[in-house]
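Structure file protein.txt with compact mmCIF, C-alpha atoms:
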```
# COMPACT_ATOMS: atom_id res chain seq x y z
CA MET A 1 -30.65 -1.21 7.23
CA GLU A 2 -32.23 -2.77 4.18
CA LEU A 3 -34.82 -0.51 2.49
CA PHE A 4 -37.90 -2.73 2.90
CA GLU A 5 -37.03 -3.37 6.55
CA ALA A 6 -36.86 0.40 7.16
CA ILE A 7 -40.18 0.89 5.35
CA THR A 8 -42.01 -1.68 7.47
CA LYS A 9 -40.35 -0.74 10.76
CA ARG A 10 -41.01 3.00 10.39
CA HIS A 11 -43.99 4.31 12.32
CA CYS A 12 -45.00 7.53 14.01
CA TYR A 13 -43.60 6.96 17.49
CA ARG A 14 -45.65 8.55 20.25
CA GLY A 15 -43.99 6.97 23.27
CA GLN A 16 -41.30 8.35 25.57
CA PHE A 17 -37.71 8.73 24.45
CA ARG A 18 -34.66 7.66 26.46
CA ASP A 19 -32.62 10.38 28.12
CA GLU A 20 -29.77 10.05 25.59
CA PRO A 21 -28.78 12.57 22.94
CA VAL A 22 -29.09 12.15 19.19
CA LYS A 23 -25.59 12.31 17.70
CA ARG A 24 -25.02 15.33 15.48
CA GLU A 25 -23.39 13.05 12.92
CA ASP A 26 -26.66 11.08 12.76
CA LEU A 27 -28.78 14.25 12.57
CA THR A 28 -26.67 15.32 9.59
CA LYS A 29 -27.25 11.96 7.85
CA ILE A 30 -30.98 12.19 8.56
CA VAL A 31 -31.28 15.70 7.10
CA GLN A 32 -29.18 14.69 4.10
CA ALA A 33 -31.83 12.05 3.38
CA GLY A 34 -34.37 14.89 3.39
CA LEU A 35 -32.23 16.96 1.02
CA ASP A 36 -32.00 13.95 -1.32
CA ALA A 37 -35.80 13.67 -1.62
CA PRO A 38 -37.49 14.53 -4.92
CA SER A 39 -39.18 17.89 -5.42
CA GLY A 40 -41.45 19.27 -8.14
CA CYS A 41 -39.27 20.53 -11.02
CA ASN A 42 -36.30 19.94 -8.67
CA ARG A 43 -36.96 23.29 -6.94
CA GLN A 44 -35.95 21.91 -3.50
CA THR A 45 -38.41 24.20 -1.76
CA THR A 46 -38.13 22.71 1.75
CA THR A 47 -35.50 24.00 4.15
CA PHE A 48 -34.61 22.55 7.55
CA VAL A 49 -33.59 23.73 10.98
CA VAL A 50 -32.21 20.94 13.15
CA VAL A 51 -32.74 21.70 16.82
CA ASP A 52 -30.30 19.98 19.19
CA GLU A 53 -29.40 22.82 21.57
CA PRO A 54 -30.83 21.45 24.87
CA LYS A 55 -32.54 24.68 26.00
CA LEU A 56 -34.20 25.17 22.62
CA VAL A 57 -35.21 21.48 22.46
CA SER A 58 -36.82 21.75 25.88
CA GLU A 59 -38.68 24.97 25.00
CA ILE A 60 -40.24 23.34 21.94
CA ALA A 61 -40.87 20.07 23.80
CA LYS A 62 -42.87 21.67 26.58
CA MET A 63 -45.31 23.25 24.11
CA HIS A 64 -47.04 19.85 23.83
CA PRO A 65 -46.82 18.02 27.18
CA ALA A 66 -49.65 15.66 26.12
CA ASN A 67 -47.51 14.15 23.36
CA LYS A 68 -44.97 11.97 25.18
CA GLY A 69 -42.80 11.68 22.07
CA MET A 70 -42.63 15.42 21.57
CA PHE A 71 -42.34 16.16 25.31
CA THR A 72 -39.31 13.89 25.76
CA ALA A 73 -37.67 14.42 22.36
CA LYS A 74 -33.90 14.88 22.31
CA ALA A 75 -33.85 16.76 18.99
CA PHE A 76 -36.28 18.19 16.47
CA ILE A 77 -36.12 18.80 12.76
CA ALA A 78 -38.27 21.73 11.63
CA CYS A 79 -39.28 21.50 7.96
CA ILE A 80 -39.96 24.90 6.47
CA ILE A 81 -41.77 25.90 3.29
CA ASN A 82 -42.90 29.17 1.70
CA ARG A 83 -46.02 30.75 3.20
CA VAL A 84 -47.28 31.43 -0.34
CA HIS A 85 -46.41 28.48 -2.55
CA LYS A 86 -44.61 29.51 -5.74
CA PRO A 87 -45.99 28.16 -9.02
CA VAL A 88 -43.35 26.09 -10.81
CA TYR A 89 -45.39 24.28 -13.49
CA GLU A 90 -47.70 25.68 -16.17
CA GLY A 91 -47.77 29.00 -14.33
CA THR A 92 -50.20 27.83 -11.67
CA MET A 93 -49.10 24.59 -10.04
CA SER A 94 -46.84 24.34 -7.00
CA PHE A 95 -45.69 21.23 -5.21
CA GLU A 96 -44.35 22.51 -1.90
CA VAL A 97 -46.53 20.22 0.23
CA GLU A 98 -45.40 17.25 -1.85
CA ASP A 99 -41.75 18.37 -1.62
CA CYS A 100 -41.96 18.68 2.15
CA SER A 101 -43.76 15.34 2.53
CA THR A 102 -41.19 13.35 0.57
CA ALA A 103 -38.39 14.96 2.58
CA VAL A 104 -40.15 14.04 5.84
CA GLN A 105 -40.67 10.46 4.67
CA ASN A 106 -37.00 10.05 3.69
CA MET A 107 -35.99 11.43 7.09
CA LEU A 108 -38.37 9.12 8.99
CA LEU A 109 -36.85 6.15 7.14
CA ALA A 110 -33.34 7.39 7.95
CA ILE A 111 -34.33 7.86 11.61
CA THR A 112 -35.57 4.25 11.71
CA ALA A 113 -32.47 2.86 9.97
CA LEU A 114 -30.16 4.62 12.44
CA GLY A 115 -31.92 3.12 15.47
CA TYR A 116 -33.94 6.16 16.50
CA ALA A 117 -37.66 6.82 16.33
CA GLY A 118 -39.50 9.90 15.16
CA GLY A 119 -42.94 11.30 14.52
CA TRP A 120 -44.65 13.50 11.98
CA ILE A 121 -46.17 16.54 13.69
CA ASP A 122 -48.15 18.63 11.26
CA GLY A 123 -51.78 19.58 12.04
CA TRP A 124 -51.01 20.50 15.66
CA LEU A 125 -48.59 23.18 14.43
CA ARG A 126 -51.45 25.00 12.73
CA VAL A 127 -53.60 25.01 15.88
CA GLY A 128 -52.95 27.94 18.24
CA GLU A 129 -50.21 29.21 15.92
CA HIS A 130 -47.56 26.85 17.26
CA ASN A 131 -45.88 27.14 13.84
CA GLU A 132 -45.49 30.92 14.35
CA THR A 133 -44.03 30.48 17.85
CA ILE A 134 -41.52 27.85 16.72
CA GLY A 135 -40.69 29.85 13.57
CA ASN A 136 -39.88 32.90 15.71
CA MET A 137 -37.71 30.83 18.07
CA LEU A 138 -35.68 29.52 15.12
CA GLY A 139 -35.42 32.82 13.22
CA VAL A 140 -37.49 31.58 10.28
CA PRO A 141 -38.08 34.49 7.84
CA GLN A 142 -41.58 36.00 7.72
CA ASP A 143 -42.32 34.69 4.21
CA LYS A 144 -41.74 31.08 5.35
CA ILE A 145 -43.52 28.82 7.79
CA VAL A 146 -42.75 25.68 9.80
CA ARG A 147 -44.94 23.07 8.15
CA VAL A 148 -43.78 19.90 9.95
CA ILE A 149 -41.65 19.13 12.99
CA ILE A 150 -40.11 15.75 13.67
CA PRO A 151 -39.27 14.86 17.29
CA ILE A 152 -36.36 12.41 17.44
CA GLY A 153 -34.80 10.21 20.10
CA ILE A 154 -34.04 6.65 21.09
CA PRO A 155 -37.37 4.98 21.85
CA ALA A 156 -37.85 3.90 25.48
CA GLU A 157 -41.05 1.93 24.90
CA ASP A 158 -42.36 -0.75 22.59
CA VAL A 159 -45.23 0.88 20.78
CA LYS A 160 -47.55 -1.04 18.51
CA PRO A 161 -47.60 0.58 15.06
CA PRO A 162 -51.12 1.39 13.77
CA LEU A 163 -52.92 -1.31 11.82
CA LYS A 164 -52.92 -1.01 8.02
CA MET A 165 -55.63 -2.14 5.63
CA PRO A 166 -54.80 -5.27 3.60
CA PHE A 167 -53.44 -4.97 0.06
CA ASP A 168 -56.66 -5.85 -1.79
CA GLU A 169 -58.68 -3.18 0.01
CA ARG A 170 -56.47 -0.41 -1.37
CA ALA A 171 -54.72 -1.73 -4.49
CA TRP A 172 -55.82 -3.57 -7.62
CA PHE A 173 -54.41 -4.58 -10.99
CA ASN A 174 -55.69 -2.79 -14.11
CA LYS A 175 -59.10 -1.81 -12.71
CA TYR A 176 -60.34 0.00 -9.64
CA LYS A 177 -62.47 -2.30 -7.46
CA LEU A 178 -65.36 -0.70 -5.59
CA MET B 1 -30.60 -2.52 -1.17
CA GLU B 2 -29.44 -0.53 1.81
CA LEU B 3 -31.75 2.41 2.64
CA PHE B 4 -29.27 5.26 2.11
CA GLU B 5 -28.11 3.76 -1.18
CA ALA B 6 -31.72 3.65 -2.40
CA ILE B 7 -32.27 7.25 -1.25
CA THR B 8 -29.25 8.58 -3.17
CA LYS B 9 -29.77 6.41 -6.26
CA ARG B 10 -33.46 7.30 -6.66
CA HIS B 11 -34.21 9.97 -9.24
CA CYS B 12 -37.03 10.81 -11.61
CA TYR B 13 -35.99 8.80 -14.65
CA ARG B 14 -36.97 10.41 -17.94
CA GLY B 15 -35.03 8.19 -20.34
CA GLN B 16 -36.21 5.21 -22.37
CA PHE B 17 -37.03 1.88 -20.76
CA ARG B 18 -35.89 -1.52 -22.05
CA ASP B 19 -38.44 -3.68 -23.79
CA GLU B 20 -38.74 -6.04 -20.82
CA PRO B 21 -41.72 -6.47 -18.51
CA VAL B 22 -41.89 -5.54 -14.85
CA LYS B 23 -42.56 -8.71 -12.85
CA ARG B 24 -45.93 -8.76 -11.13
CA GLU B 25 -44.23 -10.03 -7.99
CA ASP B 26 -42.08 -6.88 -8.02
CA LEU B 27 -45.05 -4.61 -8.72
CA THR B 28 -46.75 -6.12 -5.68
CA LYS B 29 -43.69 -5.40 -3.50
CA ILE B 30 -43.54 -1.84 -4.83
CA VAL B 31 -47.20 -1.15 -4.07
CA GLN B 32 -46.85 -2.75 -0.64
CA ALA B 33 -44.18 -0.12 0.09
CA GLY B 34 -46.79 2.51 -0.82
CA LEU B 35 -49.36 0.89 1.46
CA ASP B 36 -46.81 0.94 4.29
CA ALA B 37 -46.29 4.72 4.02
CA PRO B 38 -47.55 6.98 6.79
CA SER B 39 -50.82 8.89 6.42
CA GLY B 40 -52.43 11.64 8.46
CA CYS B 41 -54.29 10.06 11.41
CA ASN B 42 -53.56 6.69 9.72
CA ARG B 43 -56.51 7.21 7.34
CA GLN B 44 -54.68 5.55 4.41
CA THR B 45 -56.48 7.78 1.90
CA THR B 46 -54.47 6.83 -1.19
CA THR B 47 -55.54 3.88 -3.32
CA PHE B 48 -53.63 2.35 -6.22
CA VAL B 49 -54.30 0.81 -9.59
CA VAL B 50 -51.30 -1.04 -11.01
CA VAL B 51 -51.41 -1.12 -14.79
CA ASP B 52 -49.52 -4.00 -16.40
CA GLU B 53 -51.98 -5.17 -19.05
CA PRO B 54 -49.99 -4.39 -22.25
CA LYS B 55 -52.87 -2.73 -24.20
CA LEU B 56 -53.77 -0.51 -21.26
CA VAL B 57 -50.09 0.35 -20.63
CA SER B 58 -49.70 1.36 -24.27
CA GLU B 59 -52.88 3.48 -24.27
CA ILE B 60 -51.64 5.46 -21.27
CA ALA B 61 -48.07 5.63 -22.60
CA LYS B 62 -49.05 7.18 -25.92
CA MET B 63 -50.82 10.08 -24.18
CA HIS B 64 -47.41 11.67 -23.60
CA PRO B 65 -45.06 10.80 -26.50
CA ALA B 66 -42.71 13.65 -25.52
CA ASN B 67 -41.83 11.95 -22.24
CA LYS B 68 -39.58 9.04 -23.21
CA GLY B 69 -39.96 7.44 -19.79
CA MET B 70 -43.72 7.51 -19.91
CA PHE B 71 -43.88 6.61 -23.64
CA THR B 72 -41.79 3.46 -23.19
CA ALA B 73 -42.97 2.46 -19.70
CA LYS B 74 -43.72 -1.22 -19.12
CA ALA B 75 -46.11 -0.60 -16.23
CA PHE B 76 -47.76 2.27 -14.42
CA ILE B 77 -48.97 2.79 -10.90
CA ALA B 78 -51.88 5.22 -10.65
CA CYS B 79 -52.19 6.85 -7.21
CA ILE B 80 -55.73 7.91 -6.46
CA ILE B 81 -57.10 10.29 -3.84
CA ASN B 82 -60.48 11.82 -3.04
CA ARG B 83 -61.56 14.72 -5.28
CA VAL B 84 -62.73 16.58 -2.17
CA HIS B 85 -60.25 15.96 0.64
CA LYS B 86 -61.90 14.79 3.85
CA PRO B 87 -61.01 16.67 7.05
CA VAL B 88 -59.45 14.28 9.58
CA TYR B 89 -57.96 16.67 12.15
CA GLU B 90 -59.60 19.46 14.14
CA GLY B 91 -62.57 19.35 11.78
CA THR B 92 -60.81 21.24 9.00
CA MET B 93 -57.44 19.73 8.13
CA SER B 94 -56.87 16.98 5.61
CA PHE B 95 -53.59 15.40 4.59
CA GLU B 96 -54.41 13.56 1.37
CA VAL B 97 -51.66 15.24 -0.66
CA GLU B 98 -49.15 14.35 2.07
CA ASP B 99 -50.49 10.78 2.24
CA CYS B 100 -50.16 10.34 -1.52
CA SER B 101 -46.68 11.91 -1.61
CA THR B 102 -45.23 9.63 1.07
CA ALA B 103 -46.69 6.60 -0.71
CA VAL B 104 -45.14 7.72 -4.00
CA GLN B 105 -41.77 8.27 -2.33
CA ASN B 106 -41.79 4.82 -0.70
CA MET B 107 -42.66 3.29 -4.08
CA LEU B 108 -39.90 5.20 -5.92
CA LEU B 109 -37.40 3.90 -3.36
CA ALA B 110 -38.73 0.36 -3.80
CA ILE B 111 -38.52 0.72 -7.59
CA THR B 112 -34.87 1.77 -7.26
CA ALA B 113 -34.02 -1.04 -4.83
CA LEU B 114 -35.51 -3.67 -7.14
CA GLY B 115 -33.42 -2.53 -10.13
CA TYR B 116 -36.09 -0.58 -11.97
CA ALA B 117 -36.49 3.15 -12.53
CA GLY B 118 -39.56 5.29 -12.25
CA GLY B 119 -40.79 8.84 -12.43
CA TRP B 120 -43.27 11.07 -10.61
CA ILE B 121 -45.86 12.41 -13.04
CA ASP B 122 -48.17 14.87 -11.38
CA GLY B 123 -48.70 18.36 -12.89
CA TRP B 124 -49.09 17.00 -16.44
CA LEU B 125 -52.10 14.95 -15.30
CA ARG B 126 -53.95 18.14 -14.43
CA VAL B 127 -53.30 19.70 -17.84
CA GLY B 128 -55.86 18.79 -20.54
CA GLU B 129 -57.68 16.55 -18.06
CA HIS B 130 -55.33 13.61 -18.51
CA ASN B 131 -56.30 12.57 -14.98
CA GLU B 132 -59.96 12.25 -16.06
CA THR B 133 -59.06 10.19 -19.13
CA ILE B 134 -56.85 7.80 -17.18
CA GLY B 135 -59.38 7.63 -14.33
CA ASN B 136 -62.09 6.58 -16.79
CA MET B 137 -59.83 3.94 -18.38
CA LEU B 138 -59.17 2.41 -14.96
CA GLY B 139 -62.73 2.63 -13.64
CA VAL B 140 -61.86 5.12 -10.91
CA PRO B 141 -65.07 6.25 -9.15
CA GLN B 142 -66.32 9.79 -9.85
CA ASP B 143 -65.54 11.05 -6.35
CA LYS B 144 -61.86 10.13 -6.73
CA ILE B 145 -59.09 11.36 -8.99
CA VAL B 146 -55.75 10.12 -10.28
CA ARG B 147 -53.28 12.44 -8.57
CA VAL B 148 -49.95 10.85 -9.60
CA ILE B 149 -48.86 8.20 -12.06
CA ILE B 150 -45.53 6.41 -11.89
CA PRO B 151 -44.13 4.92 -15.12
CA ILE B 152 -41.89 1.92 -14.38
CA GLY B 153 -39.42 -0.15 -16.32
CA ILE B 154 -35.80 -1.24 -16.55
CA PRO B 155 -33.79 1.83 -17.53
CA ALA B 156 -32.10 1.63 -20.95
CA GLU B 157 -30.04 4.80 -20.56
CA ASP B 158 -27.69 6.38 -18.06
CA VAL B 159 -29.38 9.58 -17.05
CA LYS B 160 -27.69 12.16 -14.89
CA PRO B 161 -29.85 12.89 -11.85
CA PRO B 162 -30.60 16.60 -11.32
CA LEU B 163 -28.14 18.57 -9.22
CA LYS B 164 -29.03 19.24 -5.60
CA MET B 165 -28.12 22.27 -3.52
CA PRO B 166 -25.43 21.67 -0.88
CA PHE B 167 -26.40 20.97 2.73
CA ASP B 168 -25.60 24.41 4.15
CA GLU B 169 -27.79 26.21 1.62
CA ARG B 170 -30.89 24.37 2.84
CA ALA B 171 -30.23 23.15 6.38
CA TRP B 172 -28.84 24.68 9.55
CA PHE B 173 -28.49 23.85 13.23
CA ASN B 174 -30.66 25.71 15.75
CA LYS B 175 -31.18 28.86 13.68
CA TYR B 176 -32.36 29.66 10.16
CA LYS B 177 -29.59 31.28 8.11
CA LEU B 178 -30.66 33.85 5.55
```

Kindly return the structure encoded in the file as structure tokens.
Amino acid sequence: MELFEAITKRHCYRGQFRDEPVKREDLTKIVQAGLDAPSGCNRQTTTFVVVDEPKLVSEIAKMHPANKGMFTAKAFIACIINRVHKPVYEGTMSFEVEDCSTAVQNMLLAITALGYAGGWIDGWLRVGEHNETIGNMLGVPQDKIVRVIIPIGIPAEDVKPPLKMPFDERAWFNKYKL
Amino acid sequence: MELFEAITKRHCYRGQFRDEPVKREDLTKIVQAGLDAPSGCNRQTTTFVVVDEPKLVSEIAKMHPANKGMFTAKAFIACIINRVHKPVYEGTMSFEVEDCSTAVQNMLLAITALGYAGGWIDGWLRVGEHNETIGNMLGVPQDKIVRVIIPIGIPAEDVKPPLKMPFDERAWFNKYKL
């Protein structure tokens, strides 16, 4: 798929997924897009566990029955970062949230281009320690934490992407407009 | 350009740019890719000032003569977020760094697809208050801050992208491997 088509088609899918698996070959391509994302000082701080073992998928899925996308997902990608972010610039600055975010965005674009849909699940993981539960299920080391999970599948519904503000409300040439 | 080609070709360019302008039409497409990026709870917290006025470009460029990419850039995109990040989820969580990062990544992919090169300048902005100086030059309101700037131009050099770790050192199926 052409880049700009993938960028405009991508959205956080919250509908039901079809009862069809995500090919492992496609999951590999999707994660490779995440690995190819930029990272601060090229430290590549994000690691990934791809969940496609049906029992494990179903255990994670049922943690959030209210989210149709997550509940019916056919695979997940867990994006993992250090619990304590390591400074990599000027002795104080770390970019692990940025690193993880760019990887997620590349993967969401890849998911779209390959005919699947996905979502970005982040805040929910930090409520009720869902990140700890999922981390333990996947054998994530104690010094690392699941920051984002992406449910993936073939979309079964047409879902209207959220509305975006027009260009001139968020972007200007040469001077900020209040 | 095809999505996966853009993903693998994109890298933080630090070489010199050619002495040719970036078309405003292309800058608009690039920023539109940033506007189309996902944001936590669709709050679209990142705003953008595109700098293509030659005097302003040169004033920003000369702030970092050591960075050939920045010093010879033909345009910049300043990505602006709130100084104090607003909670948007469960009363405490905000995602402004994530929002800005996904916008930057979409724009870097767009820059690549349109035949330009760009870089992600982040940490340097927070050293010596470069973010304040640039914010003042662009009329950024006091409650907001320039988080990232992207220098853009047509690359004049072949630059080797940084090496990436292989797949199986950062990604695994169903279980984290130590």

Fit chain B to chain A: least squares, all C-alpha atoms, paired in order; write the output as a CSV table (one decimal) with C-alpha atoms, keeping the file's coordinate frame.
```csv
chain,number,residue,atom,x,y,z
B,1,MET,CA,-30.7,-1.2,7.2
B,2,GLU,CA,-32.2,-2.8,4.2
B,3,LEU,CA,-34.8,-0.5,2.5
B,4,PHE,CA,-37.9,-2.7,2.9
B,5,GLU,CA,-37.0,-3.4,6.6
B,6,ALA,CA,-36.9,0.4,7.2
B,7,ILE,CA,-40.2,0.9,5.3
B,8,THR,CA,-42.0,-1.7,7.5
B,9,LYS,CA,-40.3,-0.7,10.8
B,10,ARG,CA,-41.0,3.0,10.4
B,11,HIS,CA,-44.0,4.3,12.3
B,12,CYS,CA,-45.0,7.5,14.0
B,13,TYR,CA,-43.6,6.9,17.5
B,14,ARG,CA,-45.6,8.5,20.2
B,15,GLY,CA,-44.0,7.0,23.3
B,16,GLN,CA,-41.3,8.3,25.6
B,17,PHE,CA,-37.7,8.7,24.4
B,18,ARG,CA,-34.7,7.7,26.5
B,19,ASP,CA,-32.6,10.4,28.1
B,20,GLU,CA,-29.8,10.1,25.6
B,21,PRO,CA,-28.8,12.6,22.9
B,22,VAL,CA,-29.1,12.1,19.2
B,23,LYS,CA,-25.6,12.3,17.7
B,24,ARG,CA,-25.0,15.3,15.5
B,25,GLU,CA,-23.4,13.1,12.9
B,26,ASP,CA,-26.7,11.1,12.8
B,27,LEU,CA,-28.8,14.2,12.6
B,28,THR,CA,-26.7,15.3,9.6
B,29,LYS,CA,-27.3,12.0,7.8
B,30,ILE,CA,-31.0,12.2,8.6
B,31,VAL,CA,-31.3,15.7,7.1
B,32,GLN,CA,-29.2,14.7,4.1
B,33,ALA,CA,-31.8,12.1,3.4
B,34,GLY,CA,-34.4,14.9,3.4
B,35,LEU,CA,-32.2,17.0,1.0
B,36,ASP,CA,-32.0,14.0,-1.3
B,37,ALA,CA,-35.8,13.7,-1.6
B,38,PRO,CA,-37.5,14.5,-4.9
B,39,SER,CA,-39.2,17.9,-5.4
B,40,GLY,CA,-41.4,19.2,-8.1
B,41,CYS,CA,-39.3,20.5,-11.0
B,42,ASN,CA,-36.3,19.9,-8.7
B,43,ARG,CA,-37.0,23.3,-6.9
B,44,GLN,CA,-35.9,21.9,-3.5
B,45,THR,CA,-38.4,24.2,-1.8
B,46,THR,CA,-38.1,22.7,1.7
B,47,THR,CA,-35.5,24.0,4.1
B,48,PHE,CA,-34.6,22.6,7.5
B,49,VAL,CA,-33.6,23.7,11.0
B,50,VAL,CA,-32.2,20.9,13.2
B,51,VAL,CA,-32.7,21.7,16.8
B,52,ASP,CA,-30.3,20.0,19.2
B,53,GLU,CA,-29.4,22.8,21.6
B,54,PRO,CA,-30.8,21.4,24.9
B,55,LYS,CA,-32.6,24.7,26.0
B,56,LEU,CA,-34.2,25.2,22.6
B,57,VAL,CA,-35.2,21.5,22.5
B,58,SER,CA,-36.8,21.8,25.9
B,59,GLU,CA,-38.7,25.0,25.0
B,60,ILE,CA,-40.2,23.3,21.9
B,61,ALA,CA,-40.9,20.1,23.8
B,62,LYS,CA,-42.9,21.7,26.6
B,63,MET,CA,-45.3,23.2,24.1
B,64,HIS,CA,-47.0,19.9,23.8
B,65,PRO,CA,-46.8,18.0,27.2
B,66,ALA,CA,-49.6,15.6,26.1
B,67,ASN,CA,-47.5,14.1,23.4
B,68,LYS,CA,-45.0,12.0,25.2
B,69,GLY,CA,-42.8,11.7,22.1
B,70,MET,CA,-42.6,15.4,21.6
B,71,PHE,CA,-42.3,16.2,25.3
B,72,THR,CA,-39.3,13.9,25.8
B,73,ALA,CA,-37.7,14.4,22.3
B,74,LYS,CA,-33.9,14.9,22.3
B,75,ALA,CA,-33.9,16.8,19.0
B,76,PHE,CA,-36.3,18.2,16.5
B,77,ILE,CA,-36.1,18.8,12.8
B,78,ALA,CA,-38.3,21.7,11.6
B,79,CYS,CA,-39.3,21.5,8.0
B,80,ILE,CA,-40.0,24.9,6.5
B,81,ILE,CA,-41.8,25.9,3.3
B,82,ASN,CA,-42.9,29.2,1.7
B,83,ARG,CA,-46.0,30.7,3.2
B,84,VAL,CA,-47.3,31.4,-0.3
B,85,HIS,CA,-46.4,28.5,-2.6
B,86,LYS,CA,-44.6,29.5,-5.7
B,87,PRO,CA,-46.0,28.2,-9.0
B,88,VAL,CA,-43.3,26.1,-10.8
B,89,TYR,CA,-45.4,24.3,-13.5
B,90,GLU,CA,-47.7,25.7,-16.2
B,91,GLY,CA,-47.8,29.0,-14.3
B,92,THR,CA,-50.2,27.8,-11.7
B,93,MET,CA,-49.1,24.6,-10.0
B,94,SER,CA,-46.8,24.3,-7.0
B,95,PHE,CA,-45.7,21.2,-5.2
B,96,GLU,CA,-44.3,22.5,-1.9
B,97,VAL,CA,-46.5,20.2,0.2
B,98,GLU,CA,-45.4,17.2,-1.9
B,99,ASP,CA,-41.7,18.4,-1.6
B,100,CYS,CA,-42.0,18.7,2.2
B,101,SER,CA,-43.8,15.3,2.5
B,102,THR,CA,-41.2,13.4,0.6
B,103,ALA,CA,-38.4,15.0,2.6
B,104,VAL,CA,-40.1,14.1,5.8
B,105,GLN,CA,-40.7,10.5,4.7
B,106,ASN,CA,-37.0,10.1,3.7
B,107,MET,CA,-36.0,11.4,7.1
B,108,LEU,CA,-38.4,9.1,9.0
B,109,LEU,CA,-36.8,6.2,7.1
B,110,ALA,CA,-33.3,7.4,8.0
B,111,ILE,CA,-34.3,7.9,11.6
B,112,THR,CA,-35.6,4.3,11.7
B,113,ALA,CA,-32.5,2.9,10.0
B,114,LEU,CA,-30.1,4.6,12.4
B,115,GLY,CA,-31.9,3.1,15.5
B,116,TYR,CA,-33.9,6.2,16.5
B,117,ALA,CA,-37.7,6.8,16.3
B,118,GLY,CA,-39.5,9.9,15.2
B,119,GLY,CA,-42.9,11.3,14.5
B,120,TRP,CA,-44.6,13.5,12.0
B,121,ILE,CA,-46.2,16.5,13.7
B,122,ASP,CA,-48.2,18.6,11.3
B,123,GLY,CA,-51.8,19.6,12.1
B,124,TRP,CA,-51.0,20.5,15.7
B,125,LEU,CA,-48.6,23.2,14.4
B,126,ARG,CA,-51.4,25.0,12.7
B,127,VAL,CA,-53.6,25.0,15.9
B,128,GLY,CA,-52.9,28.0,18.3
B,129,GLU,CA,-50.2,29.2,15.9
B,130,HIS,CA,-47.6,26.9,17.3
B,131,ASN,CA,-45.9,27.1,13.8
B,132,GLU,CA,-45.5,30.9,14.4
B,133,THR,CA,-44.0,30.5,17.8
B,134,ILE,CA,-41.5,27.9,16.7
B,135,GLY,CA,-40.7,29.8,13.6
B,136,ASN,CA,-39.9,32.9,15.7
B,137,MET,CA,-37.7,30.8,18.1
B,138,LEU,CA,-35.7,29.5,15.1
B,139,GLY,CA,-35.4,32.8,13.2
B,140,VAL,CA,-37.5,31.6,10.3
B,141,PRO,CA,-38.1,34.5,7.8
B,142,GLN,CA,-41.6,36.0,7.7
B,143,ASP,CA,-42.3,34.7,4.2
B,144,LYS,CA,-41.7,31.1,5.4
B,145,ILE,CA,-43.5,28.8,7.8
B,146,VAL,CA,-42.8,25.7,9.8
B,147,ARG,CA,-44.9,23.1,8.1
B,148,VAL,CA,-43.8,19.9,10.0
B,149,ILE,CA,-41.7,19.1,13.0
B,150,ILE,CA,-40.1,15.7,13.7
B,151,PRO,CA,-39.3,14.9,17.3
B,152,ILE,CA,-36.4,12.4,17.5
B,153,GLY,CA,-34.8,10.2,20.1
B,154,ILE,CA,-34.0,6.6,21.1
B,155,PRO,CA,-37.4,5.0,21.8
B,156,ALA,CA,-37.9,3.9,25.5
B,157,GLU,CA,-41.1,1.9,24.9
B,158,ASP,CA,-42.4,-0.7,22.6
B,159,VAL,CA,-45.2,0.9,20.8
B,160,LYS,CA,-47.5,-1.0,18.5
B,161,PRO,CA,-47.6,0.6,15.1
B,162,PRO,CA,-51.1,1.4,13.8
B,163,LEU,CA,-52.9,-1.3,11.8
B,164,LYS,CA,-52.9,-1.0,8.0
B,165,MET,CA,-55.6,-2.1,5.6
B,166,PRO,CA,-54.8,-5.3,3.6
B,167,PHE,CA,-53.5,-5.0,0.1
B,168,ASP,CA,-56.7,-5.8,-1.8
B,169,GLU,CA,-58.7,-3.2,0.0
B,170,ARG,CA,-56.5,-0.4,-1.4
B,171,ALA,CA,-54.7,-1.7,-4.5
B,172,TRP,CA,-55.8,-3.6,-7.6
B,173,PHE,CA,-54.4,-4.6,-11.0
B,174,ASN,CA,-55.7,-2.8,-14.1
B,175,LYS,CA,-59.1,-1.8,-12.7
B,176,TYR,CA,-60.4,0.0,-9.6
B,177,LYS,CA,-62.5,-2.3,-7.5
B,178,LEU,CA,-65.4,-0.7,-5.6
```

Find the residues in chain A near chain B: any atom within 6 Å counts, using all atoms listed in the file. Write them as a ChimeraX atom specification. /A:1-3,47-51,98,101-102,105,138-140,170-176

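Residue nearest B:Pro21 within the list B:Val159, B:Ala75, B:Met63, B:Ile111: B:Ala75 [criterion: smallest interatomic distance, all atoms listed in the file].
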
Tell me, in Å to one decimal, how far atom CA of A:Val84 is from atom CA of A:Arg147. 12.1 Å

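Pairwise distance (atom CA of A:Asn131, atom CA of A:Val146) equals 5.3 Å.
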
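Reported to one decimal place, the separation of atom CA of A:Arg18 from atom CA of A:Lys160 is 17.5 Å.
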
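Distances from B:Asp158, B:His64, B:Ala73, B:Thr133 to B:Glu20 were compared using all atoms listed in the file, and the smallest one belongs to B:Ala73.
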
Pick out the closest residue to A:Gly153 from this set: A:Arg14, A:Lys55, A:Lys74, A:His85. Count all atoms listed in the file. A:Lys74

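All residues of protein, DNA or RNA that reach within 7 Å of B:Ala117, judged by all atoms listed in the file and not counting those fewer than 3 positions away in the chain, are Tyr13, Ile111, Thr112, Ile152, Gly153, Ile154 and Pro155 of chain B.
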
Please provide as a list of chain:residue names all residues within 9 Å of B:Phe71, with the sequence filter that same-chain residues fewer than 6 positions apart are discarded (counting all atoms listed in the file). B:Gln16, B:Phe17, B:Ser58, B:Ile60, B:Ala61, B:Lys62, B:Met63, B:His64, B:Pro65, B:Pro151
